[in-house]
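J.: Contents of target.cif (mmCIF, C-alpha atoms) are given next:
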data_entry
#
loop_
_atom_site.label_atom_id
_atom_site.label_comp_id
_atom_site.auth_asym_id
_atom_site.auth_seq_id
_atom_site.Cartn_x
_atom_site.Cartn_y
_atom_site.Cartn_z
CA MET S 1 -53.14 -264.13 -40.50
CA GLU S 2 -50.13 -262.41 -42.03
CA LEU S 3 -49.69 -262.98 -45.74
CA GLY S 4 -46.57 -264.66 -47.03
CA ARG S 5 -44.09 -262.84 -49.25
CA ARG S 6 -45.39 -264.43 -52.44
CA GLU S 7 -49.01 -263.59 -51.65
CA ARG S 8 -48.07 -260.00 -50.77
CA LYS S 9 -46.27 -259.71 -54.09
CA LYS S 10 -49.33 -260.99 -55.94
CA GLN S 11 -51.56 -258.48 -54.20
CA GLN S 12 -49.15 -255.64 -54.95
CA THR S 13 -49.11 -256.63 -58.62
CA ARG S 14 -52.90 -256.83 -58.71
CA HIS S 15 -53.29 -253.39 -57.12
CA ALA S 16 -50.73 -251.88 -59.47
CA ILE S 17 -52.50 -253.27 -62.54
CA SER S 18 -55.88 -252.11 -61.22
CA ASP S 19 -54.62 -248.59 -60.53
CA VAL S 20 -53.14 -248.26 -64.01
CA ALA S 21 -56.26 -249.66 -65.66
CA THR S 22 -58.57 -247.33 -63.73
CA ARG S 23 -56.50 -244.30 -64.68
CA LEU S 24 -56.58 -245.24 -68.38
CA PHE S 25 -60.30 -246.03 -68.35
CA LEU S 26 -61.17 -242.73 -66.69
CA GLU S 27 -58.91 -240.77 -69.02
CA ARG S 28 -59.92 -242.38 -72.32
CA GLY S 29 -63.06 -244.41 -71.73
CA PHE S 30 -63.40 -248.13 -71.08
CA ASP S 31 -64.03 -249.23 -74.66
CA ALA S 32 -61.08 -247.21 -76.02
CA VAL S 33 -58.49 -248.99 -73.86
CA THR S 34 -57.31 -252.53 -74.60
CA VAL S 35 -56.00 -255.07 -72.12
CA ALA S 36 -52.70 -255.02 -74.01
CA GLU S 37 -52.42 -251.28 -73.38
CA VAL S 38 -53.08 -251.82 -69.70
CA ALA S 39 -50.39 -254.50 -69.59
CA ARG S 40 -47.85 -252.22 -71.28
CA ALA S 41 -48.63 -249.30 -68.97
CA ALA S 42 -48.35 -251.58 -65.92
CA ASP S 43 -45.14 -253.17 -67.28
CA VAL S 44 -46.50 -256.71 -67.09
CA ALA S 45 -47.43 -259.40 -69.60
CA VAL S 46 -50.98 -259.59 -70.95
CA GLN S 47 -51.30 -263.05 -69.41
CA THR S 48 -50.37 -261.57 -66.02
CA VAL S 49 -53.31 -259.20 -66.32
CA PHE S 50 -55.66 -262.09 -67.09
CA ASN S 51 -54.20 -264.12 -64.22
CA HIS S 52 -55.51 -261.45 -61.85
CA PHE S 53 -58.56 -260.27 -63.81
CA PRO S 54 -60.34 -262.93 -65.91
CA ALA S 55 -62.26 -260.34 -67.96
CA LYS S 56 -61.62 -256.75 -68.96
CA GLU S 57 -64.67 -255.62 -66.96
CA ASP S 58 -63.02 -257.05 -63.82
CA LEU S 59 -60.29 -254.45 -64.22
CA PHE S 60 -62.87 -251.72 -63.79
CA PHE S 61 -65.08 -253.35 -61.16
CA ASP S 62 -62.20 -254.65 -59.08
CA GLU S 63 -63.92 -254.18 -55.73
CA SER S 64 -66.81 -256.49 -54.90
CA GLY S 65 -67.88 -254.73 -51.71
CA TRP S 66 -70.70 -252.73 -53.21
CA TRP S 67 -72.68 -255.74 -54.38
CA LEU S 68 -71.49 -258.53 -52.04
CA GLY S 69 -70.86 -256.38 -48.97
CA PRO S 70 -74.49 -256.00 -47.85
CA ALA S 71 -74.99 -259.77 -47.56
CA LEU S 72 -71.70 -260.09 -45.69
CA ALA S 73 -72.74 -257.33 -43.28
CA ILE S 74 -75.94 -259.22 -42.51
CA ARG S 75 -74.17 -262.55 -42.01
CA GLU S 76 -71.50 -261.12 -39.72
CA ALA S 77 -73.95 -259.34 -37.39
CA SER S 78 -75.65 -260.67 -34.28
CA ALA S 79 -78.94 -262.46 -34.80
CA ASP S 80 -80.96 -259.82 -32.95
CA ALA S 81 -79.64 -256.83 -34.94
CA ASP S 82 -82.14 -254.98 -37.09
CA PRO S 83 -81.44 -255.61 -40.81
CA ILE S 84 -82.24 -252.04 -41.87
CA ASP S 85 -79.90 -250.65 -39.20
CA LEU S 86 -77.19 -253.00 -40.43
CA LEU S 87 -77.64 -252.03 -44.06
CA GLU S 88 -77.65 -248.32 -43.25
CA ALA S 89 -74.45 -248.65 -41.21
CA HIS S 90 -72.85 -250.68 -43.99
CA TYR S 91 -73.75 -248.15 -46.66
CA LEU S 92 -72.65 -245.20 -44.53
CA ALA S 93 -69.30 -246.86 -43.76
CA GLY S 94 -68.77 -247.40 -47.47
CA THR S 95 -69.37 -243.74 -48.29
CA ARG S 96 -66.92 -242.67 -45.59
CA ASP S 97 -64.27 -245.09 -46.78
CA ARG S 98 -64.69 -243.81 -50.33
CA PHE S 99 -64.25 -240.24 -49.12
CA GLU S 100 -61.21 -241.03 -46.99
CA VAL S 101 -59.29 -242.79 -49.77
CA GLY S 102 -60.05 -240.05 -52.28
CA HIS S 103 -62.50 -241.92 -54.53
CA LEU S 104 -65.11 -239.19 -54.18
CA ALA S 105 -62.93 -236.88 -56.26
CA THR S 106 -63.28 -239.16 -59.30
CA TRP S 107 -66.80 -240.43 -58.61
CA LYS S 108 -68.57 -238.50 -61.36
CA GLN S 109 -65.94 -239.54 -63.88
CA PHE S 110 -66.27 -243.14 -62.72
CA VAL S 111 -70.05 -243.13 -63.21
CA ARG S 112 -69.82 -241.43 -66.59
CA THR S 113 -67.31 -244.03 -67.73
CA ILE S 114 -69.88 -246.72 -66.92
CA GLU S 115 -72.65 -244.83 -68.68
CA ASN S 116 -70.55 -244.51 -71.83
CA SER S 117 -69.80 -248.24 -72.06
CA PRO S 118 -72.48 -250.84 -72.88
CA ALA S 119 -70.17 -253.55 -71.53
CA LEU S 120 -69.83 -251.83 -68.16
CA GLU S 121 -73.55 -251.05 -68.02
CA ALA S 122 -74.29 -254.74 -68.60
CA ARG S 123 -71.81 -255.86 -65.94
CA ARG S 124 -73.24 -253.39 -63.43
CA ARG S 125 -76.76 -254.71 -64.04
CA LEU S 126 -75.51 -258.24 -63.36
CA GLN S 127 -73.85 -257.09 -60.15
CA ALA S 128 -77.00 -255.28 -59.04
CA ALA S 129 -78.99 -258.47 -59.59
CA GLU S 130 -76.40 -260.45 -57.63
CA LEU S 131 -76.64 -257.91 -54.80
CA GLU S 132 -80.36 -258.58 -54.45
CA THR S 133 -79.93 -262.36 -54.72
CA THR S 134 -77.14 -262.64 -52.16
CA LEU S 135 -78.76 -260.16 -49.76
CA THR S 136 -82.06 -262.03 -49.90
CA ALA S 137 -80.27 -265.29 -49.17
CA ALA S 138 -78.46 -263.75 -46.18
CA LEU S 139 -81.73 -262.38 -44.80
CA ASP S 140 -83.44 -265.75 -45.33
CA GLU S 141 -80.80 -267.33 -43.11
CA ARG S 142 -81.83 -265.00 -40.26
CA ALA S 143 -85.62 -265.13 -40.61
CA PRO S 144 -87.80 -267.44 -42.76
CA ASP S 145 -89.90 -264.64 -44.25
CA HIS S 146 -88.78 -264.79 -47.86
CA LEU S 147 -91.30 -262.29 -49.24
CA ARG S 148 -90.30 -259.61 -46.72
CA ASN S 149 -86.63 -260.43 -47.15
CA ARG S 150 -86.91 -260.17 -50.91
CA LEU S 151 -88.62 -256.80 -50.50
CA ILE S 152 -85.88 -255.55 -48.16
CA ALA S 153 -83.21 -256.55 -50.68
CA ALA S 154 -85.05 -254.86 -53.55
CA GLN S 155 -85.63 -251.72 -51.51
CA TYR S 156 -81.98 -251.59 -50.46
CA ALA S 157 -80.91 -251.84 -54.11
CA ALA S 158 -83.33 -249.03 -54.96
CA ALA S 159 -82.06 -246.91 -52.08
CA GLN S 160 -78.49 -247.37 -53.25
CA LYS S 161 -79.45 -246.23 -56.75
CA VAL S 162 -81.25 -243.16 -55.42
CA LEU S 163 -78.30 -242.20 -53.22
CA GLU S 164 -75.81 -242.58 -56.07
CA GLU S 165 -77.99 -240.34 -58.23
CA GLN S 166 -78.11 -237.81 -55.39
CA LEU S 167 -74.33 -237.86 -55.11
CA MET S 168 -74.02 -237.16 -58.83
CA ARG S 169 -76.36 -234.19 -58.36
CA ILE S 170 -74.62 -232.59 -55.39
CA LEU S 171 -71.02 -233.32 -56.35
CA ALA S 172 -69.40 -230.55 -58.38
CA ASP S 173 -67.12 -231.26 -61.31
CA ASP S 174 -63.46 -230.77 -60.33
CA ALA S 175 -64.59 -230.26 -56.73
CA SER S 176 -62.17 -228.72 -54.27
CA PRO S 177 -61.35 -230.55 -51.00
CA ALA S 178 -63.82 -228.30 -49.19
CA GLU S 179 -66.53 -229.02 -51.76
CA LEU S 180 -65.86 -232.76 -51.46
CA ALA S 181 -66.26 -232.56 -47.70
CA THR S 182 -69.53 -230.66 -48.10
CA ALA S 183 -70.79 -233.23 -50.59
CA GLN S 184 -69.91 -236.02 -48.17
CA THR S 185 -71.86 -234.31 -45.39
CA GLU S 186 -74.87 -233.83 -47.65
CA LEU S 187 -74.67 -237.45 -48.78
CA GLU S 188 -74.67 -238.69 -45.18
CA GLN S 189 -77.74 -236.59 -44.50
CA ALA S 190 -79.41 -238.15 -47.55
CA VAL S 191 -78.50 -241.63 -46.30
CA THR S 192 -80.26 -240.91 -43.00
CA GLN S 193 -83.33 -239.60 -44.82
CA VAL S 194 -83.54 -242.48 -47.32
CA PHE S 195 -83.21 -245.21 -44.71
CA ALA S 196 -85.78 -243.51 -42.49
CA VAL S 197 -88.22 -243.73 -45.40
CA LEU S 198 -87.23 -247.35 -45.91
CA ARG S 199 -87.98 -248.18 -42.26
CA ARG S 200 -91.39 -246.55 -42.39
CA GLY S 201 -92.26 -248.33 -45.62
CA LEU S 202 -91.31 -251.73 -44.27
CA GLY S 203 -93.02 -251.13 -40.95
#
Transcribe the structure of this file into structure tokens.
T.:
Amino acid sequence: MELGRRERKKQQTRHAISDVATRLFLERGFDAVTVAEVARAADVAVQTVFNHFPAKEDLFFDESGWWLGPALAIREASADADPIDLLEAHYLAGTRDRFEVGHLATWKQFVRTIENSPALEARRRLQAAELETTLTAALDERAPDHLRNRLIAAQYAAAQKVLEEQLMRILADDASPAELATAQTELEQAVTQVFAVLRRGLG
């Protein structure tokens, strides 16, 4: 359904605020930037920022796909689809989207910003826990084997962590477009390898 003019305007404002906030956070660090500074840089009122982002951490983690997306991928698939295949396809699509929109170029800076902020580290731990909870629930809806489903969710979360660490290792600082493309190829190969191990482990 096509969005109305008012809703489009709200989304444009939200994206503009998010883009400004992300730039400031990556440049100066999350804890060094205030919401008031974000508002000034985005040319909006502080209350407008909070209307779109209830907490400062929401300005940084403004995309929920990484922790809610896996459960959604499971729920939207056919009942006979293999869960591991679905999760691998979902993760791989996410890495390709990130590459295509240019997020890979700032990935290392993004991760380091999280690592340098206790508030962001805490929020990311909460999101990781929510990923496992929501994914387990989605798997439970497909098959009443809670123990196995809980294990799949935990293993997926672990696989995601391992792959993100691998990306940090293979991605060069200030990588050129060619180096980014190479890193993306190597990451996709790692995705295939990690999920193959996951399949064998789960039998």
J.: Applied to this file, what does the PyMOL selection byres ((chain S and resi 187) around 10) return in terms of residues, put as number ranges by chain?
T.: S: 92, 95-96, 163-164, 166-167, 170-171, 181-186, 188-193
J.: Residues at most 12 Å from S:His103, counting all atoms listed in the file, excluding those fewer than 6 positions away in the same chain, as a ChimeraX atom specification?
T.: /S:19,22,94-97,109-111,177,180,184
J.: I'd like the neighbourhood of S:Ala138 as a ChimeraX atom specification, where a residue qualifies if any of its atoms comes within 9 Å (using only C-alpha atoms), though same-chain residues fewer than 2 positions away should be ignored.
T.: /S:70-72,74-75,133-136,140-142,149
J.: Residues within 9 Å of S:Phe61, please, as a PyMOL selection string. Count only C-alpha atoms; anything in the same chain fewer than 5 positions from it doesn't count.
T.: chain S and resi 120+123-124
J.: For S:Leu86, please output as number ranges by chain all residues within 9 Å (counting all atoms listed in the file; exclusion window: fewer than 4 positions along the same chain).
T.: S: 70, 73-74, 77, 81-82, 90-91
J.: Would you kindly place N, CA and C atoms on stretch 71-95 of chain S and return the model as a PDB file, in the frame of the given file?
T.:
ATOM      1  N   ALA S  71     -74.719-258.415 -48.069  1.00  0.00           N
ATOM      2  CA  ALA S  71     -74.990-259.770 -47.560  1.00  0.00           C
ATOM      3  C   ALA S  71     -73.987-260.147 -46.481  1.00  0.00           C
ATOM      4  N   LEU S  72     -72.734-259.785 -46.684  1.00  0.00           N
ATOM      5  CA  LEU S  72     -71.700-260.090 -45.690  1.00  0.00           C
ATOM      6  C   LEU S  72     -71.975-259.361 -44.383  1.00  0.00           C
ATOM      7  N   ALA S  73     -72.418-258.114 -44.481  1.00  0.00           N
ATOM      8  CA  ALA S  73     -72.740-257.330 -43.280  1.00  0.00           C
ATOM      9  C   ALA S  73     -73.857-257.993 -42.485  1.00  0.00           C
ATOM     10  N   ILE S  74     -74.834-258.528 -43.179  1.00  0.00           N
ATOM     11  CA  ILE S  74     -75.940-259.220 -42.510  1.00  0.00           C
ATOM     12  C   ILE S  74     -75.445-260.499 -41.842  1.00  0.00           C
ATOM     13  N   ARG S  75     -74.633-261.253 -42.540  1.00  0.00           N
ATOM     14  CA  ARG S  75     -74.170-262.550 -42.010  1.00  0.00           C
ATOM     15  C   ARG S  75     -73.238-262.383 -40.822  1.00  0.00           C
ATOM     16  N   GLU S  76     -72.481-261.297 -40.782  1.00  0.00           N
ATOM     17  CA  GLU S  76     -71.500-261.120 -39.720  1.00  0.00           C
ATOM     18  C   GLU S  76     -72.091-260.504 -38.458  1.00  0.00           C
ATOM     19  N   ALA S  77     -73.330-260.035 -38.536  1.00  0.00           N
ATOM     20  CA  ALA S  77     -73.950-259.340 -37.390  1.00  0.00           C
ATOM     21  C   ALA S  77     -74.627-260.325 -36.456  1.00  0.00           C
ATOM     22  N   SER S  78     -74.929-259.843 -35.244  1.00  0.00           N
ATOM     23  CA  SER S  78     -75.650-260.670 -34.280  1.00  0.00           C
ATOM     24  C   SER S  78     -77.065-260.935 -34.776  1.00  0.00           C
ATOM     25  N   ALA S  79     -77.631-262.030 -34.315  1.00  0.00           N
ATOM     26  CA  ALA S  79     -78.940-262.460 -34.800  1.00  0.00           C
ATOM     27  C   ALA S  79     -80.060-261.493 -34.449  1.00  0.00           C
ATOM     28  N   ASP S  80     -79.885-260.712 -33.382  1.00  0.00           N
ATOM     29  CA  ASP S  80     -80.960-259.820 -32.950  1.00  0.00           C
ATOM     30  C   ASP S  80     -80.829-258.409 -33.527  1.00  0.00           C
ATOM     31  N   ALA S  81     -79.819-258.163 -34.351  1.00  0.00           N
ATOM     32  CA  ALA S  81     -79.640-256.830 -34.940  1.00  0.00           C
ATOM     33  C   ALA S  81     -80.688-256.577 -36.004  1.00  0.00           C
ATOM     34  N   ASP S  82     -81.135-255.341 -36.092  1.00  0.00           N
ATOM     35  CA  ASP S  82     -82.140-254.980 -37.090  1.00  0.00           C
ATOM     36  C   ASP S  82     -81.502-254.898 -38.475  1.00  0.00           C
ATOM     37  N   PRO S  83     -82.045-255.589 -39.472  1.00  0.00           N
ATOM     38  CA  PRO S  83     -81.440-255.610 -40.810  1.00  0.00           C
ATOM     39  C   PRO S  83     -81.306-254.224 -41.443  1.00  0.00           C
ATOM     40  N   ILE S  84     -82.312-253.370 -41.268  1.00  0.00           N
ATOM     41  CA  ILE S  84     -82.240-252.040 -41.870  1.00  0.00           C
ATOM     42  C   ILE S  84     -81.129-251.214 -41.224  1.00  0.00           C
ATOM     43  N   ASP S  85     -81.000-251.334 -39.889  1.00  0.00           N
ATOM     44  CA  ASP S  85     -79.900-250.650 -39.200  1.00  0.00           C
ATOM     45  C   ASP S  85     -78.553-251.133 -39.730  1.00  0.00           C
ATOM     46  N   LEU S  86     -78.436-252.431 -39.930  1.00  0.00           N
ATOM     47  CA  LEU S  86     -77.190-253.000 -40.430  1.00  0.00           C
ATOM     48  C   LEU S  86     -76.864-252.499 -41.824  1.00  0.00           C
ATOM     49  N   LEU S  87     -77.866-252.462 -42.676  1.00  0.00           N
ATOM     50  CA  LEU S  87     -77.640-252.030 -44.060  1.00  0.00           C
ATOM     51  C   LEU S  87     -77.322-250.541 -44.131  1.00  0.00           C
ATOM     52  N   GLU S  88     -77.970-249.752 -43.281  1.00  0.00           N
ATOM     53  CA  GLU S  88     -77.650-248.320 -43.250  1.00  0.00           C
ATOM     54  C   GLU S  88     -76.213-248.103 -42.786  1.00  0.00           C
ATOM     55  N   ALA S  89     -75.820-248.796 -41.723  1.00  0.00           N
ATOM     56  CA  ALA S  89     -74.450-248.650 -41.210  1.00  0.00           C
ATOM     57  C   ALA S  89     -73.438-249.103 -42.252  1.00  0.00           C
ATOM     58  N   HIS S  90     -73.747-250.190 -42.955  1.00  0.00           N
ATOM     59  CA  HIS S  90     -72.850-250.680 -43.990  1.00  0.00           C
ATOM     60  C   HIS S  90     -72.701-249.660 -45.113  1.00  0.00           C
ATOM     61  N   TYR S  91     -73.811-249.121 -45.562  1.00  0.00           N
ATOM     62  CA  TYR S  91     -73.750-248.150 -46.660  1.00  0.00           C
ATOM     63  C   TYR S  91     -73.002-246.886 -46.229  1.00  0.00           C
ATOM     64  N   LEU S  92     -73.296-246.416 -45.031  1.00  0.00           N
ATOM     65  CA  LEU S  92     -72.650-245.200 -44.530  1.00  0.00           C
ATOM     66  C   LEU S  92     -71.146-245.412 -44.383  1.00  0.00           C
ATOM     67  N   ALA S  93     -70.733-246.576 -43.889  1.00  0.00           N
ATOM     68  CA  ALA S  93     -69.300-246.860 -43.760  1.00  0.00           C
ATOM     69  C   ALA S  93     -68.632-246.864 -45.121  1.00  0.00           C
ATOM     70  N   GLY S  94     -69.326-247.382 -46.119  1.00  0.00           N
ATOM     71  CA  GLY S  94     -68.770-247.400 -47.470  1.00  0.00           C
ATOM     72  C   GLY S  94     -68.563-246.011 -48.030  1.00  0.00           C
ATOM     73  N   THR S  95     -69.515-245.111 -47.785  1.00  0.00           N
ATOM     74  CA  THR S  95     -69.370-243.740 -48.290  1.00  0.00           C
ATOM     75  C   THR S  95     -68.199-243.037 -47.601  1.00  0.00           C
TER      76      THR S  95
END
